[in-house]
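Q: Sharing a structure with you now.
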Amino acid sequence: MPNIDRRIVFILVALAVIIPMLLSVNLPVSVSEPTQKFYDYVEALPAGSTIMVAFDYGPSSLAELNPMAKALLKQCFDSDIRVIGITLVVDAPTLASALIQEVAAEKGAVEGEDYVFLGFRPGAVQVILGMGTDIASVYDTDYNGTAIGEIPMMQNITNYDQIDLLVDFASSDTVESWIIYANVQYNQQIAAGVTGVIIAQMFPYLQTGQLVGLLSGILGAAEYENLVGAPAKGMKWINVESFVHLLIVGLVIIGNITYFIHRTREE
Amino acid sequence: MDWNLIGIWVAAFLTLSIYSVLYRDNPFYRFAEHLFVGVSVGYGIVLSIYQGFIPFAWNPFFAAVTGESAIGFIKLIPICIGLLFFARLSPRHTWLIRYPIAILIGFGAGVAIPNVLRANIFEQTRGTIAPFAEIAAGTLSGWGIFEAVLMVVGVICTLTYFFFSVEHRGPVKWLSKVGIAFLMIGFGSAFGNTVMGRVALLIQRVDFLLNDWLNIIS
């Protein structure tokens with residue numbers, strides 16, 4: 001066992017992904033408290049409210065964050081909540097724009113009236129602080145180049161005072177930047193959906209109320225799809241994920257047992 | 001010509017090329033890796049120019065020079081300060097870079113310090129002790145009380161581990177050891193979540209190969 005070829009482990013992991021995916025296994029998905037808080041907060045917003053969604057992730061984190069972003073957009077368009085999309089990450093605009101348009105087409109949302117995507121601006125801190133004073137000072141046009149003054153849904157939106165919730169889908173430390181500058185300085189309510197890698201450092205903010213809700217990686221996406229009633233990739237992938245986790249736990253147990261047997265023999 | 005189909009085949013080839021490194025290093029992997037790095041950097045530079053440099057530096061500068069907007073001259077000040085970063089390229093003028101760096105650090109520290117203190121120190125301290133007000137009011141459940149006490153014990157013990165002004169002997173040593181246990185649990189949680197994230201990336205690519213490329217999942 002100590003000298004096992006690591007490629008055998010790779011093959012086992014590949015099989016643990018492929019077989020459940022081909023068999024379309026369905027396991028039950030329960031909903032955790034942070035996800036429920038997130039959903040309840042959005043659900044409690046009256047029709048006509050405005051949510052700003054920051055798509056702060058690139059292609060490398062698309063697998064975890066796209067499903068949860070998609071579920072939230074569906075919920076917003078179903079509830080007549082207007083969406084302002086932005087990003088602080090340079091390689092995100094194309095992905096974010098495509099995602100919003102895909103969900104908008106599915107739900108019949110109209111660009112400029114139900115949603116707008118403003119795109120990317122460099123200098124994350126300056127962007128967050130600038131929008132606290134005047135969004136138009138940072139984004140004079142949307143992603144398509146339309147002047148912000150000509151976009152119907154932006155007519156009565158000047159700064160965070162008109163934003164009911166800011167949602168950050170993030171794969172890096174942008175959530176902390178939003179909390180430090182938008183929440184502390186402008187009292188903006190914030191919820192977040194983040195990758196598994198950074199979820200552990202987000203929980204303190206949830207406990208203090210600096211985040212009103214939190215989605216955790218692919219699990220959070222599956223839970224949110226379950227709540228929204230729109231099962232999609234998140235719920236499909238979390239079933240497969242469970243099998244891989246079982247395999248990893250099994251390998252850790254076997255590895256430890258063989259390690260102790262090996263050590264006992266050496267002694 | 002179906003560009004979508006071509007895109008799927010290219011994506012499938014690059015995906016398999018990247019995963020081929022799991023067998024051993026090979027030219028396909030290196031090609032895909034270099035292509036990814038090159039495309040990422042190139043895309044980032046182009047987007048930064050079109051959504052950063054042109055609207056915030058070039059257009060105001062052009063407007064000021066052509067007299068379209070007198071206020072544009074004010075923007076020449078930060079543009080010129082920003083250009084001082086390129087003084088680094090000339091050994092004789094390298095010292096000029098101190099000015100933009102000083103301004104950046106001054107702005108960053110001035111804006112960040114009060115907000116960071118409030119977000120990460122004051123609010124976190126409040127969050128740690130706030131449940132005890134609920135305990136005093138009798139509104140917290142038994143499990144909530146356990147969580148509140150555990151959190152305070154964890155904070156004190158972990159901080160003790162990082163307290164180096166006294167030798168870690170006697171009670172301090174034991175508090176510190178409990179702090180290490182809390183740290184290990186934290187690291188374990190972070191690692192478990194990292195595994196979940198990495199596996200999700202694999203699942204997404206396998207789903208793409210089986211579903212979009214081979215089309216064998218209904």
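Numbering starts fresh at 1 for the residues of each chain in the structure tokens, the chains themselves are lettered A, B, ... in the order given, and ligands are numbered from 1 as they appear.
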Select from chain B every residue with an atom at most 7 Å from any atom of chain A, then for each give the shortest pair of atoms and their distance in Å to one decimal, using only C-alpha atoms, rows by chain and rising number, as a Markdown table.
A:
```
| residue | atom | partner | partner_atom | distance |
| --- | --- | --- | --- | --- |
| B:Leu22 | CA | A:Arg7 | CA | 6.9 |
| B:Tyr23 | CA | A:Arg7 | CA | 6.6 |
| B:Gly44 | CA | A:Val90 | CA | 5.7 |
| B:Leu47 | CA | A:Val90 | CA | 6.7 |
| B:Ser48 | CA | A:Pro122 | CA | 6.9 |
| B:Gln51 | CA | A:Arg121 | CA | 6.0 |
| B:Gly52 | CA | A:Pro122 | CA | 5.7 |
| B:Asn115 | CA | A:Ile180 | CA | 5.5 |
| B:Val116 | CA | A:Ile180 | CA | 5.8 |
| B:Ala119 | CA | A:Ile180 | CA | 5.7 |
| B:Glu123 | CA | A:Thr208 | CA | 6.7 |
| B:Gln124 | CA | A:Thr208 | CA | 6.5 |
| B:Gly127 | CA | A:Thr208 | CA | 4.7 |
| B:Ser189 | CA | A:Ala200 | CA | 6.8 |
| B:Ala190 | CA | A:Ala200 | CA | 5.5 |
| B:Asn193 | CA | A:Gly196 | CA | 4.5 |
| B:Thr194 | CA | A:Val197 | CA | 4.3 |
| B:Met196 | CA | A:Gly196 | CA | 6.2 |
| B:Gly197 | CA | A:Gly196 | CA | 4.8 |
| B:Val199 | CA | A:Glu241 | CA | 6.8 |
| B:Ala200 | CA | A:Ala63 | CA | 6.3 |
| B:Leu201 | CA | A:Ala63 | CA | 5.5 |
| B:Ile203 | CA | A:Val17 | CA | 6.4 |
| B:Gln204 | CA | A:Ala63 | CA | 5.6 |
| B:Ile217 | CA | A:Leu22 | CA | 6.5 |
```
Q: Which neighbours of Ile185 (chain B) fall inside 12 Å, counting only C-alpha atoms, when residues of the same chain fewer than 5 positions from it are skipped, and could you give them as a PyMOL selection string?
A: (chain A and resi 200) or (chain B and resi 154+158+178-180+190-192)
Q: Can those selected residues be exported to a file as a short mmCIF file (atom, residue, chain, number, x, y, z; two decimals), in the first residue's frame so that it contains N, CA and C atoms?
A:
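Full text of out.cif as output:
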```cif
data_model
loop_
_atom_site.label_atom_id
_atom_site.label_comp_id
_atom_site.auth_asym_id
_atom_site.auth_seq_id
_atom_site.Cartn_x
_atom_site.Cartn_y
_atom_site.Cartn_z
N ALA A 200 -14.44 28.29 4.57
CA ALA A 200 -14.15 28.26 6.01
C ALA A 200 -13.92 29.67 6.56
N GLY B 154 -12.56 28.48 22.13
CA GLY B 154 -11.73 28.38 20.93
C GLY B 154 -10.95 29.65 20.67
N THR B 158 -6.91 29.69 21.03
CA THR B 158 -6.16 29.92 19.79
C THR B 158 -5.31 31.17 19.90
N VAL B 178 -4.85 23.23 23.51
CA VAL B 178 -6.27 23.23 23.08
C VAL B 178 -6.44 24.12 21.85
N GLY B 179 -5.71 25.25 21.85
CA GLY B 179 -5.74 26.16 20.68
C GLY B 179 -5.27 25.45 19.43
N ILE B 180 -4.21 24.62 19.56
CA ILE B 180 -3.71 23.87 18.40
C ILE B 180 -4.80 22.93 17.88
N ALA B 190 -11.14 23.35 6.30
CA ALA B 190 -10.74 24.06 5.08
C ALA B 190 -10.28 23.07 4.02
N PHE B 191 -9.51 22.04 4.44
CA PHE B 191 -9.02 21.06 3.47
C PHE B 191 -10.17 20.23 2.89
N GLY B 192 -11.10 19.83 3.76
CA GLY B 192 -12.26 19.07 3.29
C GLY B 192 -13.05 19.84 2.25
#
```
Q: For a quick check of understanding, using only C-alpha atoms, which of A:Ile128, A:Ile190, A:Ile81, A:Ala96 has the smallest distance to Tyr115 (chain A)?
A: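 Distance minimum relative to Tyr115 (chain A) lands on A:Ile81.
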Q: Which is closer to Phe56 (chain B) than all the others in A:Phe169, A:Ser137, A:Asp161, A:Tyr186, using only C-alpha atoms?
A: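 Of the candidates, the smallest distance to Phe56 (chain B) is held by A:Ser137.
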Q: Please report, as an MDAnalysis selection string, each residue of region 22-225 of chain A to which DSSP assigns helix (DSSP H, G or I) when run on this structure's backbone.
A: chainID A and resid 22:23 33:44 59:78 93:107 124:133 135:138 148:150 152:154 160:162 174:186 196:201 203:208 217:225
Q: Hey, can you spit out that residue selection with C-alpha atoms as an mmCIF file, in the first residue's frame?
A:
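Final output, saved to part-v2.cif:
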```cif
data_model
loop_
_atom_site.group_PDB
_atom_site.id
_atom_site.type_symbol
_atom_site.label_atom_id
_atom_site.label_comp_id
_atom_site.auth_asym_id
_atom_site.auth_seq_id
_atom_site.Cartn_x
_atom_site.Cartn_y
_atom_site.Cartn_z
ATOM 1 C CA LEU A 22 -23.979 7.442 -16.185
ATOM 2 C CA LEU A 23 -26.406 5.787 -13.762
ATOM 3 C CA GLU A 33 -29.019 27.024 7.697
ATOM 4 C CA PRO A 34 -26.709 29.457 5.786
ATOM 5 C CA THR A 35 -28.398 28.534 2.484
ATOM 6 C CA GLN A 36 -31.876 28.809 4.010
ATOM 7 C CA LYS A 37 -31.022 32.291 5.360
ATOM 8 C CA PHE A 38 -29.850 33.371 1.898
ATOM 9 C CA TYR A 39 -33.029 32.074 0.242
ATOM 10 C CA ASP A 40 -35.338 33.551 2.877
ATOM 11 C CA TYR A 41 -33.729 36.990 2.582
ATOM 12 C CA VAL A 42 -34.192 37.094 -1.207
ATOM 13 C CA GLU A 43 -37.678 35.612 -0.949
ATOM 14 C CA ALA A 44 -38.712 38.327 1.536
ATOM 15 C CA PRO A 59 -13.562 29.990 -15.800
ATOM 16 C CA SER A 60 -11.542 28.031 -13.221
ATOM 17 C CA SER A 61 -14.336 28.355 -10.629
ATOM 18 C CA LEU A 62 -17.255 28.137 -13.016
ATOM 19 C CA ALA A 63 -18.145 24.582 -11.944
ATOM 20 C CA GLU A 64 -19.006 25.569 -8.387
ATOM 21 C CA LEU A 65 -20.356 29.085 -8.826
ATOM 22 C CA ASN A 66 -22.292 29.070 -12.099
ATOM 23 C CA PRO A 67 -25.028 26.689 -10.827
ATOM 24 C CA MET A 68 -25.727 28.818 -7.733
ATOM 25 C CA ALA A 69 -25.669 32.064 -9.744
ATOM 26 C CA LYS A 70 -28.094 30.531 -12.208
ATOM 27 C CA ALA A 71 -30.473 29.427 -9.440
ATOM 28 C CA LEU A 72 -30.429 32.910 -7.875
ATOM 29 C CA LEU A 73 -31.114 34.601 -11.216
ATOM 30 C CA LYS A 74 -34.094 32.275 -11.781
ATOM 31 C CA GLN A 75 -35.456 33.167 -8.351
ATOM 32 C CA CYS A 76 -34.998 36.899 -9.021
ATOM 33 C CA PHE A 77 -36.689 36.876 -12.431
ATOM 34 C CA ASP A 78 -39.546 34.732 -11.081
ATOM 35 C CA PRO A 93 -17.448 39.472 -18.077
ATOM 36 C CA THR A 94 -17.997 37.078 -20.986
ATOM 37 C CA LEU A 95 -19.104 34.221 -18.735
ATOM 38 C CA ALA A 96 -21.318 36.428 -16.580
ATOM 39 C CA SER A 97 -22.946 38.133 -19.538
ATOM 40 C CA ALA A 98 -23.687 34.775 -21.211
ATOM 41 C CA LEU A 99 -25.140 33.344 -17.995
ATOM 42 C CA ILE A 100 -27.477 36.300 -17.383
ATOM 43 C CA GLN A 101 -28.683 36.272 -20.984
ATOM 44 C CA GLU A 102 -29.286 32.499 -20.871
ATOM 45 C CA VAL A 103 -31.451 32.711 -17.732
ATOM 46 C CA ALA A 104 -33.153 35.907 -18.933
ATOM 47 C CA ALA A 105 -34.115 34.220 -22.213
ATOM 48 C CA GLU A 106 -35.505 31.237 -20.282
ATOM 49 C CA LYS A 107 -37.543 33.461 -17.944
ATOM 50 C CA ALA A 124 -11.731 46.599 -6.934
ATOM 51 C CA VAL A 125 -11.605 48.875 -3.869
ATOM 52 C CA GLN A 126 -12.135 52.037 -5.921
ATOM 53 C CA VAL A 127 -15.060 50.414 -7.734
ATOM 54 C CA ILE A 128 -16.756 49.361 -4.483
ATOM 55 C CA LEU A 129 -16.218 52.754 -2.848
ATOM 56 C CA GLY A 130 -17.146 54.695 -5.996
ATOM 57 C CA MET A 131 -20.505 52.940 -6.334
ATOM 58 C CA GLY A 132 -21.300 53.981 -2.766
ATOM 59 C CA THR A 133 -21.398 57.562 -3.983
ATOM 60 C CA ILE A 135 -22.686 54.055 -9.686
ATOM 61 C CA ALA A 136 -22.546 56.146 -12.866
ATOM 62 C CA SER A 137 -19.182 57.585 -11.816
ATOM 63 C CA VAL A 138 -17.722 54.080 -12.086
ATOM 64 C CA ILE A 148 -26.232 54.257 -18.093
ATOM 65 C CA GLY A 149 -28.598 57.232 -18.253
ATOM 66 C CA GLU A 150 -30.414 55.585 -21.161
ATOM 67 C CA PRO A 152 -34.710 52.389 -17.939
ATOM 68 C CA MET A 153 -34.099 50.334 -14.777
ATOM 69 C CA MET A 154 -31.128 52.532 -13.795
ATOM 70 C CA TYR A 160 -26.154 51.463 -2.664
ATOM 71 C CA ASP A 161 -29.136 53.243 -1.088
ATOM 72 C CA GLN A 162 -31.295 51.810 -3.880
ATOM 73 C CA THR A 174 -13.554 39.833 -2.989
ATOM 74 C CA VAL A 175 -16.247 38.974 -0.406
ATOM 75 C CA GLU A 176 -14.020 40.456 2.294
ATOM 76 C CA SER A 177 -13.548 43.588 0.175
ATOM 77 C CA TRP A 178 -17.321 43.965 -0.221
ATOM 78 C CA ILE A 179 -17.779 43.520 3.548
ATOM 79 C CA ILE A 180 -14.949 45.881 4.490
ATOM 80 C CA TYR A 181 -15.961 48.676 2.127
ATOM 81 C CA ALA A 182 -19.619 48.286 1.115
ATOM 82 C CA ASN A 183 -20.987 46.826 4.361
ATOM 83 C CA VAL A 184 -18.909 48.764 6.883
ATOM 84 C CA GLN A 185 -18.840 52.087 5.045
ATOM 85 C CA TYR A 186 -22.272 52.093 3.396
ATOM 86 C CA GLY A 196 -15.241 25.349 -1.182
ATOM 87 C CA VAL A 197 -11.644 26.564 -0.910
ATOM 88 C CA ILE A 198 -12.595 29.813 0.861
ATOM 89 C CA ILE A 199 -15.823 28.846 2.623
ATOM 90 C CA ALA A 200 -14.149 28.261 6.013
ATOM 91 C CA GLN A 201 -13.000 31.879 6.261
ATOM 92 C CA PHE A 203 -18.365 31.620 8.408
ATOM 93 C CA PRO A 204 -17.224 34.251 10.972
ATOM 94 C CA TYR A 205 -18.913 36.922 8.835
ATOM 95 C CA LEU A 206 -22.116 34.891 8.739
ATOM 96 C CA GLN A 207 -22.126 34.445 12.511
ATOM 97 C CA THR A 208 -21.804 38.202 13.071
ATOM 98 C CA GLY A 217 -19.524 25.501 -3.238
ATOM 99 C CA ILE A 218 -21.361 22.846 -5.193
ATOM 100 C CA LEU A 219 -23.279 21.795 -2.067
ATOM 101 C CA GLY A 220 -24.666 25.323 -1.673
ATOM 102 C CA ALA A 221 -25.618 25.329 -5.351
ATOM 103 C CA ALA A 222 -27.512 22.027 -4.984
ATOM 104 C CA GLU A 223 -29.300 23.263 -1.863
ATOM 105 C CA TYR A 224 -30.304 26.510 -3.556
ATOM 106 C CA GLU A 225 -31.576 24.734 -6.669
#
```
Q: Find the spatial neighbours of Thr15 (chain B), counting only C-alpha atoms, within a cut-off of 10 Å - ignore same-chain residues fewer than 3 positions away - and output them as number ranges by chain.
A: B: 9-12, 18-20, 29, 32, 205-206, 208-209
